[in-house]
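Asker: Below is the file start_25.cif, with mmCIF, C-alpha atoms (C1' of nucleotides).
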```cif
data_model
#
loop_
_atom_site.label_atom_id
_atom_site.label_comp_id
_atom_site.auth_asym_id
_atom_site.auth_seq_id
_atom_site.Cartn_x
_atom_site.Cartn_y
_atom_site.Cartn_z
CA MET A 113 75.65 25.92 76.62
CA ALA A 114 76.13 29.59 77.28
CA LYS A 115 79.78 28.85 77.28
CA ALA A 116 79.73 27.15 73.93
CA ARG A 117 78.10 30.22 72.51
CA SER A 118 80.63 32.69 73.83
CA GLU A 119 83.31 30.33 72.71
CA MET A 120 81.97 30.41 69.17
CA ILE A 121 82.00 34.18 69.26
CA ALA A 122 85.53 34.32 70.54
CA GLU A 123 86.46 31.91 67.83
CA THR A 124 85.02 34.06 65.08
CA ARG A 125 86.81 37.07 66.46
CA ALA A 126 90.04 35.13 66.55
CA LYS A 127 89.50 33.89 63.01
CA LEU A 128 88.90 37.41 61.77
CA VAL A 129 91.94 38.75 63.56
CA ALA A 130 94.07 35.92 62.23
CA ALA A 131 92.85 36.39 58.67
CA ALA A 132 93.34 40.14 58.83
CA ARG A 133 96.76 39.73 60.38
CA HIS A 134 97.86 37.50 57.56
CA ALA A 135 96.45 39.81 54.89
CA PHE A 136 97.85 42.97 56.48
CA GLY A 137 101.21 41.34 57.00
CA THR A 138 101.58 40.18 53.43
CA VAL A 139 99.88 42.64 51.09
CA GLY A 140 99.62 45.53 53.54
CA TYR A 141 96.68 47.29 55.12
CA ALA A 142 95.65 49.38 52.14
CA ASN A 143 95.76 46.50 49.68
CA ALA A 144 93.93 44.05 51.89
CA SER A 145 90.36 43.66 50.74
CA MET A 146 87.99 42.96 53.58
CA ASP A 147 85.81 40.87 51.31
CA ASP A 148 88.78 38.72 50.39
CA PHE A 149 90.21 37.79 53.73
CA THR A 150 86.90 37.47 55.51
CA ALA A 151 85.85 35.01 52.83
CA GLY A 152 89.11 33.18 53.44
CA ALA A 153 88.02 32.77 57.05
CA GLY A 154 84.59 31.52 55.96
CA LEU A 155 82.87 34.74 56.96
CA THR A 156 81.73 38.02 55.46
CA ARG A 157 82.36 41.65 56.11
CA GLY A 158 79.22 41.73 58.19
CA ALA A 159 80.90 39.88 61.03
CA LEU A 160 83.82 42.20 60.80
CA TYR A 161 81.84 45.39 61.09
CA HIS A 162 79.83 43.89 63.90
CA HIS A 163 82.84 43.04 66.03
CA PHE A 164 85.37 45.71 65.14
CA GLY A 165 83.41 48.67 63.85
CA ASP A 166 85.57 49.31 60.83
CA LYS A 167 88.83 48.42 59.15
CA LYS A 168 90.84 50.55 61.54
CA GLY A 169 89.29 48.80 64.51
CA LEU A 170 90.37 45.50 63.11
CA LEU A 171 93.90 46.76 62.59
CA GLN A 172 93.92 47.87 66.19
CA ALA A 173 92.91 44.41 67.36
CA VAL A 174 95.61 42.83 65.23
CA ILE A 175 98.23 45.19 66.61
CA GLN A 176 97.21 44.50 70.18
CA GLN A 177 97.67 40.81 69.58
CA ILE A 178 101.08 41.31 68.03
CA ASP A 179 102.20 43.69 70.74
CA ALA A 180 101.19 41.24 73.43
CA GLU A 181 103.20 38.51 71.76
CA MET A 182 106.22 40.74 71.38
CA THR A 183 106.08 41.84 74.99
CA ALA A 184 105.94 38.24 76.11
CA ARG A 185 108.93 37.40 73.97
CA LEU A 186 110.88 40.31 75.38
CA HIS A 187 110.14 39.25 78.93
CA LYS A 188 111.29 35.75 78.13
CA VAL A 189 114.56 37.02 76.71
CA SER A 190 115.34 39.26 79.66
CA ALA A 191 114.42 36.54 82.13
CA LYS A 192 117.08 34.29 80.66
CA ALA A 193 119.92 36.77 80.96
CA PRO A 194 122.44 36.39 83.81
CA THR A 195 122.72 40.09 84.67
CA ARG A 196 120.40 43.06 84.55
CA TRP A 197 122.60 44.83 82.05
CA GLN A 198 122.78 41.78 79.85
CA ALA A 199 119.02 41.47 80.09
CA PHE A 200 118.61 45.02 78.90
CA VAL A 201 120.97 44.67 75.97
CA ASP A 202 119.41 41.36 75.01
CA GLU A 203 116.00 42.96 75.05
CA CYS A 204 117.14 45.69 72.71
CA VAL A 205 118.72 43.26 70.31
CA ALA A 206 115.72 40.98 70.46
CA TYR A 207 113.51 43.93 69.74
CA ILE A 208 115.48 44.75 66.62
CA GLU A 209 115.39 41.16 65.51
CA MET A 210 111.66 40.97 65.99
CA ALA A 211 111.19 44.25 64.19
CA VAL A 212 112.87 42.79 61.14
CA GLU A 213 110.23 40.12 60.75
CA PRO A 214 108.12 41.13 57.75
CA GLU A 215 104.78 40.83 59.48
CA ILE A 216 105.76 42.93 62.47
CA GLN A 217 107.52 45.44 60.33
CA ARG A 218 104.69 45.90 57.91
CA ILE A 219 101.83 45.96 60.41
CA LEU A 220 103.38 47.76 63.33
CA PHE A 221 105.90 50.14 61.84
CA ARG A 222 104.49 50.88 58.45
CA ASP A 223 100.72 50.61 58.39
CA GLY A 224 100.11 50.91 62.10
CA THR A 225 101.75 54.27 62.43
CA ALA A 226 100.27 55.56 59.20
CA VAL A 227 96.71 54.60 60.00
CA LEU A 228 96.56 55.04 63.75
CA GLY A 229 99.32 57.51 64.51
CA ASP A 230 101.87 57.09 67.26
CA ILE A 231 101.47 53.59 68.59
CA SER A 232 103.05 54.38 71.91
CA GLN A 233 100.18 56.72 72.65
CA TRP A 234 97.39 54.18 72.60
CA PRO A 235 96.21 52.83 75.90
CA SER A 236 97.52 49.38 76.71
CA THR A 237 99.53 49.07 73.54
CA ASN A 238 103.24 48.93 73.09
CA GLY A 239 104.12 47.12 76.22
CA CYS A 240 107.50 46.94 74.52
CA ILE A 241 108.37 50.48 75.49
CA GLN A 242 107.21 49.72 78.99
CA ALA A 243 109.44 46.68 79.08
CA LEU A 244 112.42 48.74 77.96
CA ALA A 245 111.63 51.47 80.44
CA ASP A 246 111.31 48.95 83.27
CA ALA A 247 114.67 47.45 82.44
CA LEU A 248 116.26 50.88 82.32
CA ARG A 249 114.72 51.86 85.63
CA GLN A 250 116.11 48.76 87.27
CA LEU A 251 119.56 49.56 85.94
CA GLN A 252 119.36 53.10 87.18
CA THR A 253 118.38 52.14 90.72
CA ASP A 254 121.23 49.63 90.63
CA GLY A 255 123.52 52.47 89.68
CA GLU A 256 124.57 50.84 86.44
CA ILE A 257 123.54 53.76 84.29
CA GLY A 258 123.81 57.45 84.95
CA ALA A 259 121.29 59.15 87.20
CA ASP A 260 121.11 61.99 84.69
CA ILE A 261 119.32 59.80 82.18
CA ASP A 262 115.61 60.35 81.62
CA ILE A 263 114.22 56.85 81.56
CA ASP A 264 111.04 57.40 79.60
CA VAL A 265 112.72 59.54 77.00
CA THR A 266 115.56 57.12 76.59
CA ALA A 267 113.24 54.16 76.30
CA ARG A 268 111.40 55.87 73.50
CA LEU A 269 114.56 56.95 71.74
CA ILE A 270 115.90 53.43 71.89
CA ASN A 271 112.61 52.12 70.67
CA GLY A 272 112.65 54.55 67.76
CA ALA A 273 116.23 53.79 66.88
CA SER A 274 115.47 50.09 66.92
CA ALA A 275 112.43 50.44 64.75
CA HIS A 276 114.30 52.46 62.20
CA ALA A 277 117.25 50.13 62.30
CA ALA A 278 114.86 47.31 61.58
CA LEU A 279 113.45 49.18 58.61
CA TRP A 280 116.94 49.71 57.32
CA ILE A 281 117.93 46.10 57.84
CA ALA A 282 114.86 44.63 56.25
CA ASN A 283 115.14 46.80 53.16
CA SER A 284 118.86 46.48 52.66
CA ASP A 285 120.47 44.35 50.01
CA ASP A 286 122.10 42.04 52.51
CA PRO A 287 119.91 41.92 55.61
CA GLN A 288 122.23 39.49 57.38
CA ALA A 289 125.25 41.74 57.11
CA THR A 290 123.30 44.90 57.79
CA SER A 291 121.78 43.34 60.87
CA LYS A 292 125.21 42.51 62.20
CA ARG A 293 126.43 46.05 61.64
CA ALA A 294 123.32 47.60 63.14
CA VAL A 295 123.36 45.41 66.24
CA GLU A 296 127.06 45.99 66.71
CA GLY A 297 126.68 49.73 66.39
CA PHE A 298 123.77 49.59 68.72
CA ARG A 299 125.73 47.75 71.36
CA THR A 300 128.51 50.31 71.33
CA LEU A 301 125.98 53.05 71.82
CA LEU A 302 124.30 51.22 74.68
CA GLU A 303 127.65 50.67 76.36
CA ARG A 304 127.94 54.42 76.62
CA LEU A 305 124.89 54.60 78.82
CA LYS A 306 126.88 52.98 81.62
CA THR A 307 128.24 55.11 84.39
CA MET B 137 109.21 80.63 23.07
CA ALA B 138 110.52 77.20 23.82
CA LYS B 139 111.43 78.51 27.18
CA ALA B 140 108.00 79.83 27.91
CA ARG B 141 106.61 76.43 27.12
CA SER B 142 108.91 74.49 29.42
CA GLU B 143 108.27 77.09 32.04
CA MET B 144 104.57 76.46 31.82
CA ILE B 145 105.18 72.77 32.22
CA ALA B 146 107.39 73.26 35.22
CA GLU B 147 104.74 75.50 36.65
CA THR B 148 102.02 72.88 36.31
CA ARG B 149 104.25 70.33 37.93
CA ALA B 150 104.96 72.71 40.76
CA LYS B 151 101.29 73.48 41.16
CA LEU B 152 100.43 69.80 41.33
CA VAL B 153 103.16 69.09 43.85
CA ALA B 154 102.10 72.04 45.96
CA ALA B 155 98.45 71.04 45.90
CA ALA B 156 99.28 67.44 46.72
CA ARG B 157 101.64 68.49 49.46
CA HIS B 158 98.97 70.54 51.10
CA ALA B 159 96.37 67.79 50.82
CA PHE B 160 98.71 65.04 51.99
CA GLY B 161 99.93 67.19 54.84
CA THR B 162 96.50 67.99 56.14
CA VAL B 163 94.13 65.08 55.51
CA GLY B 164 96.79 62.46 54.82
CA TYR B 165 97.71 60.48 51.75
CA ALA B 166 94.88 57.96 51.88
CA ASN B 167 92.17 60.55 52.41
CA ALA B 168 93.42 62.95 49.78
CA SER B 169 91.25 62.71 46.70
CA MET B 170 93.17 63.35 43.52
CA ASP B 171 90.10 64.85 41.91
CA ASP B 172 89.76 67.30 44.75
CA PHE B 173 93.20 68.76 45.04
CA THR B 174 93.93 68.79 41.33
CA ALA B 175 90.75 70.78 40.87
CA GLY B 176 91.97 73.11 43.57
CA ALA B 177 95.04 73.74 41.42
CA GLY B 178 92.86 74.38 38.38
CA LEU B 179 93.79 71.06 36.77
CA THR B 180 92.50 67.52 36.50
CA ARG B 181 93.81 64.08 37.31
CA GLY B 182 94.90 63.78 33.69
CA ALA B 183 97.82 66.13 34.23
CA LEU B 184 98.75 64.25 37.33
CA TYR B 185 98.91 60.86 35.70
CA HIS B 186 100.81 62.33 32.80
CA HIS B 187 103.56 63.81 34.93
CA PHE B 188 103.78 61.45 37.88
CA GLY B 189 102.42 58.13 36.71
CA ASP B 190 100.25 57.50 39.74
CA LYS B 191 99.47 58.67 43.22
CA LYS B 192 102.60 57.11 44.64
CA GLY B 193 104.75 58.92 42.11
CA LEU B 194 103.26 62.17 43.20
CA LEU B 195 103.93 61.39 46.84
CA GLN B 196 107.51 60.67 45.90
CA ALA B 197 107.84 64.06 44.22
CA VAL B 198 106.36 65.77 47.25
CA ILE B 199 108.74 63.98 49.56
CA GLN B 200 111.75 64.87 47.45
CA GLN B 201 110.78 68.51 47.68
CA ILE B 202 110.35 68.35 51.43
CA ASP B 203 113.56 66.46 51.93
CA ALA B 204 115.48 69.00 49.89
CA GLU B 205 114.08 71.81 52.00
CA MET B 206 114.90 70.00 55.22
CA THR B 207 118.43 69.28 54.11
CA ALA B 208 118.93 72.92 53.25
CA ARG B 209 117.65 73.97 56.65
CA LEU B 210 119.96 71.52 58.39
CA HIS B 211 122.95 72.85 56.48
CA LYS B 212 122.03 76.36 57.43
CA VAL B 213 121.81 75.43 61.11
CA SER B 214 125.13 73.66 61.19
CA ALA B 215 126.83 76.47 59.28
CA LYS B 216 125.86 78.90 62.00
CA ALA B 217 127.34 76.88 64.87
CA PRO B 218 130.69 77.92 66.38
CA THR B 219 132.13 74.39 66.75
CA ARG B 220 131.77 71.13 64.89
CA TRP B 221 130.28 69.46 67.92
CA GLN B 222 127.83 72.24 68.43
CA ALA B 223 126.93 72.04 64.76
CA PHE B 224 126.18 68.36 65.09
CA VAL B 225 124.04 68.72 68.19
CA ASP B 226 122.20 71.65 66.67
CA GLU B 227 121.49 69.61 63.59
CA CYS B 228 119.99 66.83 65.65
CA VAL B 229 117.84 69.19 67.64
CA ALA B 230 116.79 71.03 64.50
CA TYR B 231 115.88 67.72 62.93
CA ILE B 232 113.61 66.87 65.83
CA GLU B 233 112.02 70.27 65.72
CA MET B 234 111.37 69.99 62.01
CA ALA B 235 110.00 66.50 62.46
CA VAL B 236 107.39 67.86 64.81
CA GLU B 237 105.88 70.07 62.15
CA PRO B 238 102.58 68.47 61.16
CA GLU B 239 103.22 68.46 57.44
CA ILE B 240 106.63 66.85 57.68
CA GLN B 241 105.46 64.41 60.26
CA ARG B 242 102.42 63.29 58.36
CA ILE B 243 103.99 63.08 54.91
CA LEU B 244 107.46 61.83 55.70
CA PHE B 245 107.09 59.71 58.78
CA ARG B 246 103.58 58.40 58.54
CA ASP B 247 102.42 58.11 54.96
CA GLY B 248 105.82 58.13 53.31
CA THR B 249 107.07 55.10 55.12
CA ALA B 250 103.77 53.28 54.81
CA VAL B 251 103.38 53.78 51.09
CA LEU B 252 106.96 53.73 49.88
CA GLY B 253 108.83 51.77 52.54
CA ASP B 254 112.10 52.82 54.09
CA ILE B 255 112.72 56.39 52.99
CA SER B 256 116.45 56.16 53.53
CA GLN B 257 116.63 53.52 50.83
CA TRP B 258 115.40 55.66 47.95
CA PRO B 259 117.99 57.14 45.67
CA SER B 260 118.69 60.80 46.30
CA THR B 261 116.21 61.07 49.13
CA ASN B 262 116.84 61.69 52.74
CA GLY B 263 119.78 63.95 52.42
CA CYS B 264 119.12 64.42 56.11
CA ILE B 265 120.80 61.16 57.02
CA GLN B 266 123.67 62.11 54.78
CA ALA B 267 123.96 65.43 56.54
CA LEU B 268 124.05 63.71 59.92
CA ALA B 269 126.58 61.18 58.71
CA ASP B 270 128.79 63.91 57.27
CA ALA B 271 128.76 65.79 60.54
CA LEU B 272 129.59 62.62 62.46
CA ARG B 273 132.43 61.78 60.08
CA GLN B 274 133.94 65.20 60.59
CA LEU B 275 133.79 64.77 64.35
CA GLN B 276 135.40 61.38 64.14
CA THR B 277 138.34 62.56 62.06
CA ASP B 278 138.72 65.42 64.50
CA GLY B 279 138.87 62.85 67.26
CA GLU B 280 135.89 64.26 69.08
CA ILE B 281 133.95 61.04 69.06
CA GLY B 282 135.17 57.50 69.49
CA ALA B 283 136.85 55.70 66.61
CA ASP B 284 134.81 52.62 67.49
CA ILE B 285 131.60 54.26 66.32
CA ASP B 286 130.10 53.12 63.05
CA ILE B 287 129.15 56.37 61.37
CA ASP B 288 126.44 55.16 59.02
CA VAL B 289 124.76 53.02 61.62
CA THR B 290 124.85 55.78 64.19
CA ALA B 291 123.48 58.32 61.76
CA ARG B 292 120.55 56.07 61.05
CA LEU B 293 119.95 55.29 64.69
CA ILE B 294 119.97 58.95 65.55
CA ASN B 295 117.67 59.64 62.65
CA GLY B 296 115.29 56.95 63.83
CA ALA B 297 115.37 58.11 67.40
CA SER B 298 114.65 61.66 66.28
CA ALA B 299 111.78 60.65 64.09
CA HIS B 300 110.18 58.65 66.86
CA ALA B 301 110.78 61.36 69.36
CA ALA B 302 109.02 63.72 67.02
CA LEU B 303 106.06 61.37 66.78
CA TRP B 304 105.92 61.22 70.52
CA ILE B 305 106.17 64.97 70.93
CA ALA B 306 103.58 65.80 68.33
CA ASN B 307 101.04 63.37 69.76
CA SER B 308 101.57 64.18 73.40
CA ASP B 309 99.20 66.23 75.49
CA ASP B 310 101.72 69.01 76.03
CA PRO B 311 104.02 69.14 73.00
CA GLN B 312 106.02 72.04 74.42
CA ALA B 313 106.93 70.23 77.60
CA THR B 314 107.49 66.91 75.91
CA SER B 315 109.74 68.55 73.36
CA LYS B 316 111.86 70.00 76.12
CA ARG B 317 112.19 66.65 77.83
CA ALA B 318 112.95 64.83 74.60
CA VAL B 319 115.57 67.31 73.45
CA GLU B 320 117.18 67.34 76.88
CA GLY B 321 117.32 63.55 77.02
CA PHE B 322 118.66 63.52 73.53
CA ARG B 323 121.44 65.90 74.42
CA THR B 324 122.59 63.78 77.31
CA LEU B 325 122.74 60.76 75.06
CA LEU B 326 124.69 62.62 72.42
CA GLU B 327 127.17 63.82 75.03
CA ARG B 328 128.03 60.20 75.62
CA LEU B 329 129.28 59.83 72.09
CA LYS B 330 132.24 62.00 72.95
CA THR B 331 135.58 60.40 73.61
"C1'" DA C 93 56.96 26.27 77.47
"C1'" DT C 94 56.30 30.17 74.78
"C1'" DG C 95 56.67 34.67 73.12
"C1'" DT C 96 59.70 38.57 72.89
"C1'" DC C 97 64.02 40.66 72.65
"C1'" DT C 98 68.70 40.86 71.65
"C1'" DT C 99 72.77 39.18 69.48
"C1'" DA C 100 75.63 37.62 65.60
"C1'" DC C 101 76.09 37.50 61.59
"C1'" DA C 102 74.79 37.75 56.01
"C1'" DT C 103 73.04 40.39 52.08
"C1'" DA C 104 72.16 44.40 49.27
"C1'" DC C 105 73.11 48.93 47.95
"C1'" DA C 106 75.12 53.52 47.40
"C1'" DC C 107 79.03 56.26 47.07
"C1'" DG C 108 83.62 57.56 46.17
"C1'" DA C 109 88.31 56.86 44.43
"C1'" DC C 110 91.66 55.06 41.47
"C1'" DG C 111 93.43 53.81 37.08
"C1'" DT C 112 93.03 53.57 32.07
"C1'" DA C 113 91.65 54.38 27.55
"C1'" DT C 114 90.58 57.80 24.52
"C1'" DG C 115 90.17 62.48 22.69
"C1'" DT C 116 92.17 67.07 21.51
"C1'" DA C 117 94.60 71.20 20.94
"C1'" DA C 118 98.99 73.33 20.74
"C1'" DG C 119 103.73 73.38 20.02
"C1'" DA C 120 107.98 70.99 17.92
"C1'" DT C 121 110.14 69.18 13.83
"C1'" DG C 122 111.21 68.11 9.11
"C1'" DC D 30 103.09 73.35 5.50
"C1'" DA D 31 102.29 68.69 6.98
"C1'" DT D 32 103.21 65.44 10.48
"C1'" DC D 33 104.33 64.02 14.89
"C1'" DT D 34 104.67 64.44 19.67
"C1'" DT D 35 103.52 66.50 23.99
"C1'" DA D 36 100.37 68.08 27.63
"C1'" DC D 37 96.69 67.87 29.21
"C1'" DA D 38 91.06 66.88 29.66
"C1'" DT D 39 87.14 63.68 29.48
"C1'" DA D 40 84.72 59.40 29.94
"C1'" DC D 41 84.33 54.94 31.71
"C1'" DG D 42 85.01 50.60 34.21
"C1'" DT D 43 86.21 48.48 38.42
"C1'" DC D 44 86.89 47.87 43.09
"C1'" DG D 45 86.54 48.73 47.97
"C1'" DT D 46 84.44 50.71 51.90
"C1'" DG D 47 80.62 51.79 54.84
"C1'" DT D 48 75.77 51.49 55.89
"C1'" DA D 49 71.22 49.97 55.98
"C1'" DT D 50 68.52 46.11 56.13
"C1'" DG D 51 67.33 41.25 56.72
"C1'" DT D 52 67.42 36.86 59.42
"C1'" DA D 53 68.13 33.05 62.29
"C1'" DA D 54 69.37 31.52 66.76
"C1'" DG D 55 70.09 31.97 71.54
"C1'" DA D 56 68.78 34.55 76.13
"C1'" DC D 57 65.30 35.76 79.15
"C1'" DA D 58 60.98 36.75 81.40
"C1'" DT D 59 56.52 35.19 82.41
#
```
Please express what this file holds, its structure, as structure tokens.
Answerer:
Amino acid sequence: MAKARSEMIAETRAKLVAAARHAFGTVGYANASMDDFTAGAGLTRGALYHHFGDKKGLLQAVIQQIDAEMTARLHKVSAKAPTRWQAFVDECVAYIEMAVEPEIQRILFRDGTAVLGDISQWPSTNGCIQALADALRQLQTDGEIGADIDIDVTARLINGASAHAALWIANSDDPQATSKRAVEGFRTLLERLKT
Amino acid sequence: MAKARSEMIAETRAKLVAAARHAFGTVGYANASMDDFTAGAGLTRGALYHHFGDKKGLLQAVIQQIDAEMTARLHKVSAKAPTRWQAFVDECVAYIEMAVEPEIQRILFRDGTAVLGDISQWPSTNGCIQALADALRQLQTDGEIGADIDIDVTARLINGASAHAALWIANSDDPQATSKRAVEGFRTLLERLKT
DNA sequence: ATGTCTTACATACACGACGTATGTAAGATG
DNA sequence: CATCTTACATACGTCGTGTATGTAAGACAT
């Protein structure tokens, strides 16, 4: 039953991450009491400190989970597109749309950056930027975008623009309308990357 | 001596803002103890709560001060440029360079967003976006950039891209080199806005 | 099979920080 | 000159984090 044991452990970790993710995503990192949400998961802070070291460690685990999910979603979107260019644009738009979701917005773009600094700097996090960079690289080798474009820089700039656009959208009076405007404006800018 | 009195009050406010700004800029908002930095200014938390309501209010005051300074600096930069286009590009580059400064980065882009949400949504804050939008509007009426470009959206996207670029630069191993790359990549993208 | 050792948590405690309620002295106002 | 308001300081309660300690159960060696 060694397996059952490790399964139990993995389960507790998952429960803690899930509980923290919910708390962070709703009330925010600073306002989330570890006592509260661990109790909600039927555990105590002891388990938390044992597995994740401290509150920041837990946030990191939550972010890794979210980032993995987002990356998977981006890959799915680009896989469905008929052309490479379409795949790239769809990825960007999908990224913005994901970034508008309250949980992602709050945890990744607000608390994540504040508590842990630049997300794109952590090892094995933000596969999203990687996904964008990969798409751009493909387009460049295909000759669809200018050879003068610095892929990594551009990927980050696009990522930043998307994140901020998402912030703007989510906090605007009419998110629907703002989203439309933002995505439209974004498309026109992306068009200009073409050769 | 009514004037002397109001002057004293303004002075205390200024002292509190300055002390908070220094603390927030160095150790960060969450780690800045109000007892500590008010004592450093020769005051107590009582004055702080009286003038700013709470810690968030103080952060808001600090950010307003910083934003005003940044806006002034941007205007100065653009005023010095020979052409409208040059003025715009210089503003963008100057914005990135300012955003790399530790104090601005920490207070505006990390803690500001986390604690208060989207900065560009607050009334009379982020004159920087306004400055960018104004410059873009000028260029559009002059016919230097496409009529299909949505000014407000683009200003925000550029702002977001700059902010993220700054995060990237500041946290990179070699900020100097990264800054060069980022600014260069940024320039090439901006060039593509032209008609 | 049994004793030891390690792991996975729970419990208890100390410390610090925020917010609030209250106090007070000095200037403003009539 | 009396009252009222303003601009702070002081004192206190509460909460949240981190750490130190306790404990029960599984892993492992003999």
Asker: Mind checking which residues fall within 12 Å of DA49 in chain D, counting only C-alpha atoms (C1' of nucleotides), ignoring those fewer than 6 positions away in the same chain, and posting them as a ChimeraX atom specification?
Answerer: /A:158 /C:103-106
Asker: Take the residues that were just selected and, keeping C-alpha atoms (C1' of nucleotides), output them as an mmCIF file, keeping the file's coordinate frame.
Answerer:
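Result file follows (part-v4.cif):
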```cif
data_model
loop_
_atom_site.group_PDB
_atom_site.id
_atom_site.type_symbol
_atom_site.label_atom_id
_atom_site.label_comp_id
_atom_site.auth_asym_id
_atom_site.auth_seq_id
_atom_site.Cartn_x
_atom_site.Cartn_y
_atom_site.Cartn_z
ATOM 1 C CA GLY A 158 79.220 41.730 58.190
ATOM 2 C "C1'" DT C 103 73.040 40.390 52.080
ATOM 3 C "C1'" DA C 104 72.160 44.400 49.270
ATOM 4 C "C1'" DC C 105 73.110 48.930 47.950
ATOM 5 C "C1'" DA C 106 75.120 53.520 47.400
#
```
Asker: Find the residues of chain A that sit at most 7 Å from chain B; for each, write down the nearest two atoms and how far apart they are in Å, to one decimal. Count all atoms listed in the file. Sort by chain, then by number going up, and give it as a tab-separated table.
Answerer:
```
residue	atom	partner	partner_atom	distance
A:Arg222	CA	B:Ala250	CA	4.4
A:Asp223	CA	B:Ala250	CA	5.4
A:Thr225	CA	B:Arg246	CA	6.0
A:Ala226	CA	B:Arg246	CA	4.4
A:Asp230	CA	B:Leu303	CA	6.0
A:Ile261	CA	B:Gly321	CA	6.7
A:Asp262	CA	B:Gly321	CA	5.9
A:Val265	CA	B:Ala318	CA	5.8
A:Thr266	CA	B:Gly321	CA	6.7
A:Arg268	CA	B:Ala301	CA	6.9
A:Leu269	CA	B:Ala297	CA	4.6
A:Ile270	CA	B:Ala297	CA	6.5
A:Gly272	CA	B:Ala297	CA	4.5
A:Ala273	CA	B:Ala297	CA	4.4
A:His276	CA	B:Gly296	CA	4.9
A:Ala277	CA	B:Leu293	CA	6.3
A:Leu279	CA	B:Asp254	CA	6.0
A:Trp280	CA	B:Asp254	CA	6.6
A:Asn283	CA	B:Asp254	CA	6.8
A:Ala294	CA	B:Val289	CA	5.8
A:Gly297	CA	B:Asp286	CA	5.9
A:Arg304	CA	B:Arg328	CA	5.9
```
Asker: Keeping only C-alpha atoms, write the selected residues as an mmCIF file, keeping the file's coordinate frame.
Answerer:
```cif
data_model
loop_
_atom_site.group_PDB
_atom_site.id
_atom_site.type_symbol
_atom_site.label_atom_id
_atom_site.label_comp_id
_atom_site.auth_asym_id
_atom_site.auth_seq_id
_atom_site.Cartn_x
_atom_site.Cartn_y
_atom_site.Cartn_z
ATOM 1 C CA ARG A 222 104.490 50.880 58.450
ATOM 2 C CA ASP A 223 100.720 50.610 58.390
ATOM 3 C CA THR A 225 101.750 54.270 62.430
ATOM 4 C CA ALA A 226 100.270 55.560 59.200
ATOM 5 C CA ASP A 230 101.870 57.090 67.260
ATOM 6 C CA ILE A 261 119.320 59.800 82.180
ATOM 7 C CA ASP A 262 115.610 60.350 81.620
ATOM 8 C CA VAL A 265 112.720 59.540 77.000
ATOM 9 C CA THR A 266 115.560 57.120 76.590
ATOM 10 C CA ARG A 268 111.400 55.870 73.500
ATOM 11 C CA LEU A 269 114.560 56.950 71.740
ATOM 12 C CA ILE A 270 115.900 53.430 71.890
ATOM 13 C CA GLY A 272 112.650 54.550 67.760
ATOM 14 C CA ALA A 273 116.230 53.790 66.880
ATOM 15 C CA HIS A 276 114.300 52.460 62.200
ATOM 16 C CA ALA A 277 117.250 50.130 62.300
ATOM 17 C CA LEU A 279 113.450 49.180 58.610
ATOM 18 C CA TRP A 280 116.940 49.710 57.320
ATOM 19 C CA ASN A 283 115.140 46.800 53.160
ATOM 20 C CA ALA A 294 123.320 47.600 63.140
ATOM 21 C CA GLY A 297 126.680 49.730 66.390
ATOM 22 C CA ARG A 304 127.940 54.420 76.620
#
```
Asker: Pull out every residue of chain C that has at least one atom within 9 Å of chain A, counting only C-alpha atoms (C1' of nucleotides), and report them as a list in words.
Answerer: DA100, DC101, DA102 and DT103 of chain C
Asker: Could you tell me which residues of chain D sit within 9 Å of chain A when counting all atoms listed in the file, and give me the result as JSON, numbers by chain?
Answerer: {"D": [45, 46, 47, 55, 56]}
Asker: Please determine, counting only C-alpha atoms, which residue among B:Asp270, B:Glu280, B:Glu239, B:Glu147 has the shortest atom-to-atom distance to Val198 in chain B.
Answerer: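 Closest candidate: B:Glu239.
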Asker: Do a neighbour search on Met234 in chain B at 10 Å with all atoms listed in the file, toss out local chain neighbours closer than 2 positions, and write the hits as a count of residues only.
Answerer: 17
Asker: Hey, can you check how far CA of Arg299 in chain A sits from CA of Gln177 in chain A?
Answerer: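 We find that CA of Arg299 in chain A and CA of Gln177 in chain A lie 29.0 Å from each other.
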Asker: Tell me, in Å to one decimal, how far CA of Ala184 in chain A is from CA of Asp202 in chain A.
Answerer: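 Taking CA of Ala184 in chain A as the start and CA of Asp202 in chain A as the end point, the length is 13.9 Å.
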Asker: Could you write out as a PyMOL selection string the residues that the PyMOL selection byres ((chain D and resi 30) around 12) matches in the shown file?
Answerer: (chain C and resi 121-122) or (chain D and resi 31-32)
Asker: Just how far from CA of Trp221 in chain B is CA of Asp278 in chain B, in Å to one decimal?
Answerer: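 We find that CA of Asp278 in chain B and CA of Trp221 in chain B lie 10.0 Å from each other.
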Asker: Compare C:DA93, C:DT99, C:DA117, C:DG108 by their minimum atom-to-atom distance to DA38 in chain D, counting only C-alpha atoms (C1' of nucleotides), and give me the closest one.
Answerer: C:DA117
Asker: Carefully work through the PyMOL selection byres ((chain D and resi 41) around 10) for this structure and note down the residues it includes, as a list in words.
Answerer: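 Applying the expression gives DT112, DA113 and DT114 of chain C; DT39, DA40, DG42 and DT43 of chain D.
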Asker: Just give me the residues with any atom within 10 Å of (59.0, 38.6, 73.8), file coordinates, counting all atoms listed in the file, written as a PyMOL selection string.
Answerer: (chain C and resi 94-97) or (chain D and resi 57-59)
Asker: Care to translate the PyMOL selection byres ((chain A and resi 244) around 8) into actual residues of this file, as a ChimeraX atom specification?
Answerer: /A:200,203-204,240-243,245-248,267
Asker: Could you please give me, as a ChimeraX atom specification, the residues of protein, DNA or RNA lying at most 6 Å from (115.6, 66.9, 54.5) in the coordinate frame of the file, considering only C-alpha atoms (C1' of nucleotides)?
Answerer: /B:203-207,262-264
